[in-house]
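Trainee: One structure coming up, written as C-alpha cells, with questions to follow.
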Amino acid sequence: MPAAKIIALGAKNVVIKGGKGLTSQEAIDLFYDGEEFMLLKSPKIEGNHNHGAGCTFAAAVTAGLANDLSAKEAVIKAKDFVYCGIEEGFALNQFIGPVWHGAYSRR
C-alpha cells in the first residue's frame with residue numbers, strides 16, 4: 001500500500017486524495033498515521049466549481065495544524081471545508097469556477 005510505504009520513508013501522516021477522478025458517487029480520501037487507516041467520504045459534487053480545491057485543502061490542513069488540531073482532526077476539518085467550498089462554488093466563466101472559501105463559515 002502506498003501510504004504505508006510513505007510512512008516507512010519517515011512521514012508521520014499520509015493523506016491520499018481521491019475526488020472527481022473516481023468513478024464512484026463519493027469523494028473518498030485516505031488518512032494514515034502509521035497505525036490506523038481511515039477512509040474519509042463525502043458525496044461527490046458534480047460540476048466545474050472546484051478550481052483550487054487541492055490548494056485549499058492543503059492550506060486548510062496547515063491552518064488546522066497551526067491551530068493545534070491533531071493531523072487527523074485537521075484533515076477531517078479540511079475535507080469538510082473544501083466540500084462546503086465546492087458545494088457553494090460559483091461560475092467564474094463558462095468553463096470553470098473556484099471553490100468559495102466563505103461557505104464553511106456560513107454553514
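So you can find residues: chains in the C-alpha cells are A, B, ... in the order shown, residues in each start at 1, and ligands are numbered from 1 in order.
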Need the shell around A:Phe31: protein/DNA/RNA residues with any atom at most 10 Å away, counting only C-alpha atoms. Skip same-chain ones fewer than 2 positions apart. Format as a ChimeraX atom specification?
Mentor: /A:3,13-17,29,33-34,36-40,71-72,75-76
Trainee: Pick out the residues sitting within 10 Å of A:Ile45, and hand them over as a list in words; count only C-alpha atoms, and ignore anything fewer than 2 positions along from it in its own chain.
Mentor: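 Close residues of A:Ile45: Gly19, Lys20, Gln25, Glu26, Ala27, Ser42, Pro43, Gly47, Asn48, His49, Asn50, Tyr83, Ile86 and Glu87 of chain A.
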Trainee: Deliver the residues from the most recent selection as a file, using N, CA and C atoms, as a CSV table (one decimal), in the first residue's frame.
Mentor:
chain,number,residue,atom,x,y,z
A,19,GLY,N,-11.0,12.1,-5.7
A,19,GLY,CA,-12.1,13.1,-5.9
A,19,GLY,C,-12.8,12.9,-7.2
A,20,LYS,N,-12.7,13.9,-8.1
A,20,LYS,CA,-13.5,13.9,-9.3
A,20,LYS,C,-13.0,12.8,-10.3
A,25,GLN,N,-19.8,7.6,-6.6
A,25,GLN,CA,-20.6,8.8,-6.3
A,25,GLN,C,-20.1,9.5,-5.1
A,26,GLU,N,-18.9,9.0,-4.6
A,26,GLU,CA,-18.4,9.6,-3.4
A,26,GLU,C,-16.9,10.1,-3.6
A,27,ALA,N,-16.6,11.2,-3.0
A,27,ALA,CA,-15.2,11.6,-3.0
A,27,ALA,C,-14.5,10.9,-1.8
A,42,SER,N,-17.3,11.7,1.3
A,42,SER,CA,-18.4,12.7,1.2
A,42,SER,C,-19.0,12.5,-0.2
A,43,PRO,N,-20.2,13.0,-0.3
A,43,PRO,CA,-20.9,12.9,-1.6
A,43,PRO,C,-20.1,13.7,-2.7
A,47,GLY,N,-19.8,19.1,-11.3
A,47,GLY,CA,-19.8,20.4,-11.8
A,47,GLY,C,-18.3,20.9,-11.9
A,48,ASN,N,-18.2,22.1,-12.3
A,48,ASN,CA,-16.9,22.7,-12.6
A,48,ASN,C,-16.5,23.8,-11.6
A,49,HIS,N,-17.1,23.9,-10.5
A,49,HIS,CA,-16.8,24.9,-9.5
A,49,HIS,C,-15.9,24.3,-8.4
A,50,ASN,N,-14.8,23.8,-8.9
A,50,ASN,CA,-13.9,23.2,-7.9
A,50,ASN,C,-12.4,23.6,-8.2
A,83,TYR,N,-15.4,20.6,0.9
A,83,TYR,CA,-16.7,20.2,0.5
A,83,TYR,C,-17.7,21.4,0.4
A,86,ILE,N,-16.8,23.7,-2.5
A,86,ILE,CA,-17.2,23.2,-3.8
A,86,ILE,C,-18.7,23.3,-3.9
A,87,GLU,N,-19.4,22.9,-2.9
A,87,GLU,CA,-20.9,22.9,-2.9
A,87,GLU,C,-21.4,24.3,-3.2
Trainee: Extract the full set of strand (DSSP E or B) residues from stretch 5-70 of chain A according to DSSP on the backbone, and format it as an MDAnalysis selection string.
Mentor: chainID A and resid 14:16 26:32 37:43 51
Trainee: Can you spit out the residues from that selection as an mmCIF file, in the first residue's frame, using N, CA and C atoms?
Mentor:
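Resulting contents of selection16.cif:
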data_model
loop_
_atom_site.group_PDB
_atom_site.id
_atom_site.type_symbol
_atom_site.label_atom_id
_atom_site.label_comp_id
_atom_site.auth_asym_id
_atom_site.auth_seq_id
_atom_site.Cartn_x
_atom_site.Cartn_y
_atom_site.Cartn_z
ATOM 1 N N VAL A 14 -0.090 10.472 6.378
ATOM 2 C CA VAL A 14 -0.247 10.468 4.921
ATOM 3 C C VAL A 14 -1.715 10.696 4.594
ATOM 4 N N VAL A 15 -1.965 11.519 3.596
ATOM 5 C CA VAL A 15 -3.314 11.696 3.042
ATOM 6 C C VAL A 15 -3.225 11.382 1.558
ATOM 7 N N ILE A 16 -4.049 10.460 1.123
ATOM 8 C CA ILE A 16 -4.160 10.167 -0.303
ATOM 9 C C ILE A 16 -5.535 10.648 -0.736
ATOM 10 N N GLU A 26 -18.936 9.016 -4.554
ATOM 11 C CA GLU A 26 -18.358 9.617 -3.363
ATOM 12 C C GLU A 26 -16.938 10.099 -3.647
ATOM 13 N N ALA A 27 -16.557 11.170 -2.978
ATOM 14 C CA ALA A 27 -15.168 11.611 -2.975
ATOM 15 C C ALA A 27 -14.530 10.935 -1.767
ATOM 16 N N ILE A 28 -13.599 10.040 -2.001
ATOM 17 C CA ILE A 28 -13.019 9.227 -0.941
ATOM 18 C C ILE A 28 -11.536 9.558 -0.795
ATOM 19 N N ASP A 29 -11.139 9.871 0.416
ATOM 20 C CA ASP A 29 -9.749 10.143 0.742
ATOM 21 C C ASP A 29 -9.309 9.137 1.797
ATOM 22 N N LEU A 30 -8.004 8.925 1.896
ATOM 23 C CA LEU A 30 -7.446 8.011 2.878
ATOM 24 C C LEU A 30 -6.481 8.770 3.778
ATOM 25 N N PHE A 31 -6.647 8.625 5.076
ATOM 26 C CA PHE A 31 -5.710 9.176 6.054
ATOM 27 C C PHE A 31 -5.052 8.007 6.763
ATOM 28 N N TYR A 32 -3.732 8.090 6.917
ATOM 29 C CA TYR A 32 -2.993 7.028 7.609
ATOM 30 C C TYR A 32 -1.950 7.667 8.500
ATOM 31 N N PHE A 37 -5.754 3.202 9.413
ATOM 32 C CA PHE A 37 -6.223 3.682 8.114
ATOM 33 C C PHE A 37 -7.640 4.193 8.321
ATOM 34 N N MET A 38 -7.915 5.386 7.821
ATOM 35 C CA MET A 38 -9.262 5.944 7.949
ATOM 36 C C MET A 38 -9.704 6.463 6.582
ATOM 37 N N LEU A 39 -10.855 5.974 6.122
ATOM 38 C CA LEU A 39 -11.441 6.485 4.884
ATOM 39 C C LEU A 39 -12.322 7.671 5.217
ATOM 40 N N LEU A 40 -12.163 8.742 4.477
ATOM 41 C CA LEU A 40 -12.994 9.934 4.625
ATOM 42 C C LEU A 40 -13.857 10.038 3.380
ATOM 43 N N LYS A 41 -15.158 10.004 3.563
ATOM 44 C CA LYS A 41 -16.075 10.000 2.423
ATOM 45 C C LYS A 41 -17.019 11.186 2.482
ATOM 46 N N SER A 42 -17.318 11.714 1.320
ATOM 47 C CA SER A 42 -18.356 12.733 1.190
ATOM 48 C C SER A 42 -19.008 12.531 -0.174
ATOM 49 N N PRO A 43 -20.244 12.983 -0.322
ATOM 50 C CA PRO A 43 -20.876 12.867 -1.638
ATOM 51 C C PRO A 43 -20.079 13.656 -2.668
ATOM 52 N N HIS A 51 -12.247 24.675 -8.894
ATOM 53 C CA HIS A 51 -10.894 25.179 -9.147
ATOM 54 C C HIS A 51 -10.277 25.645 -7.837
#
Trainee: Looking only at the backbone, which of the residues in chain A does DSSP tag as alpha helix (DSSP H), as number ranges by chain?
Mentor: A: 2-8, 53-66, 71-87, 103-106
Trainee: Any idea what the distance is between atom CA of A:Lys77 and atom CA of A:Thr23?
Mentor: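 If I compute the distance from atom CA of A:Lys77 to atom CA of A:Thr23, I get 24.0 Å.
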Trainee: Which residues are near A:Ala103? Cut-off 8 Å, only C-alpha atoms, ignore same chain within fewer than 4 positions. Put them as a list of chain:residue names.
Mentor: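 My list of contacting residues is A:Phe81, A:Cys84, A:Gly85, A:Glu88, A:Arg107.
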Trainee: Could the residues in this selection be written to a file with N, CA and C atoms, as a PDB file, in the first residue's frame?
Mentor:
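Written out: again_14.pdb:
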ATOM      1  N   PHE A  81     -14.307  21.604   4.992  1.00  0.00           N
ATOM      2  CA  PHE A  81     -14.150  22.977   4.495  1.00  0.00           C
ATOM      3  C   PHE A  81     -14.202  23.010   2.968  1.00  0.00           C
ATOM      4  N   CYS A  84     -17.715  22.141   1.502  1.00  0.00           N
ATOM      5  CA  CYS A  84     -18.604  23.316   1.539  1.00  0.00           C
ATOM      6  C   CYS A  84     -18.237  24.309   0.441  1.00  0.00           C
ATOM      7  N   GLY A  85     -16.949  24.513   0.239  1.00  0.00           N
ATOM      8  CA  GLY A  85     -16.495  25.450  -0.779  1.00  0.00           C
ATOM      9  C   GLY A  85     -16.861  25.032  -2.190  1.00  0.00           C
ATOM     10  N   GLU A  88     -20.728  25.370  -2.740  1.00  0.00           N
ATOM     11  CA  GLU A  88     -21.183  26.742  -2.978  1.00  0.00           C
ATOM     12  C   GLU A  88     -20.262  27.505  -3.932  1.00  0.00           C
ATOM     13  N   ARG A 107     -22.052  28.101   7.147  1.00  0.00           N
ATOM     14  CA  ARG A 107     -22.838  26.907   7.457  1.00  0.00           C
ATOM     15  C   ARG A 107     -23.183  26.805   8.891  1.00  0.00           C
TER      16      ARG A 107
END
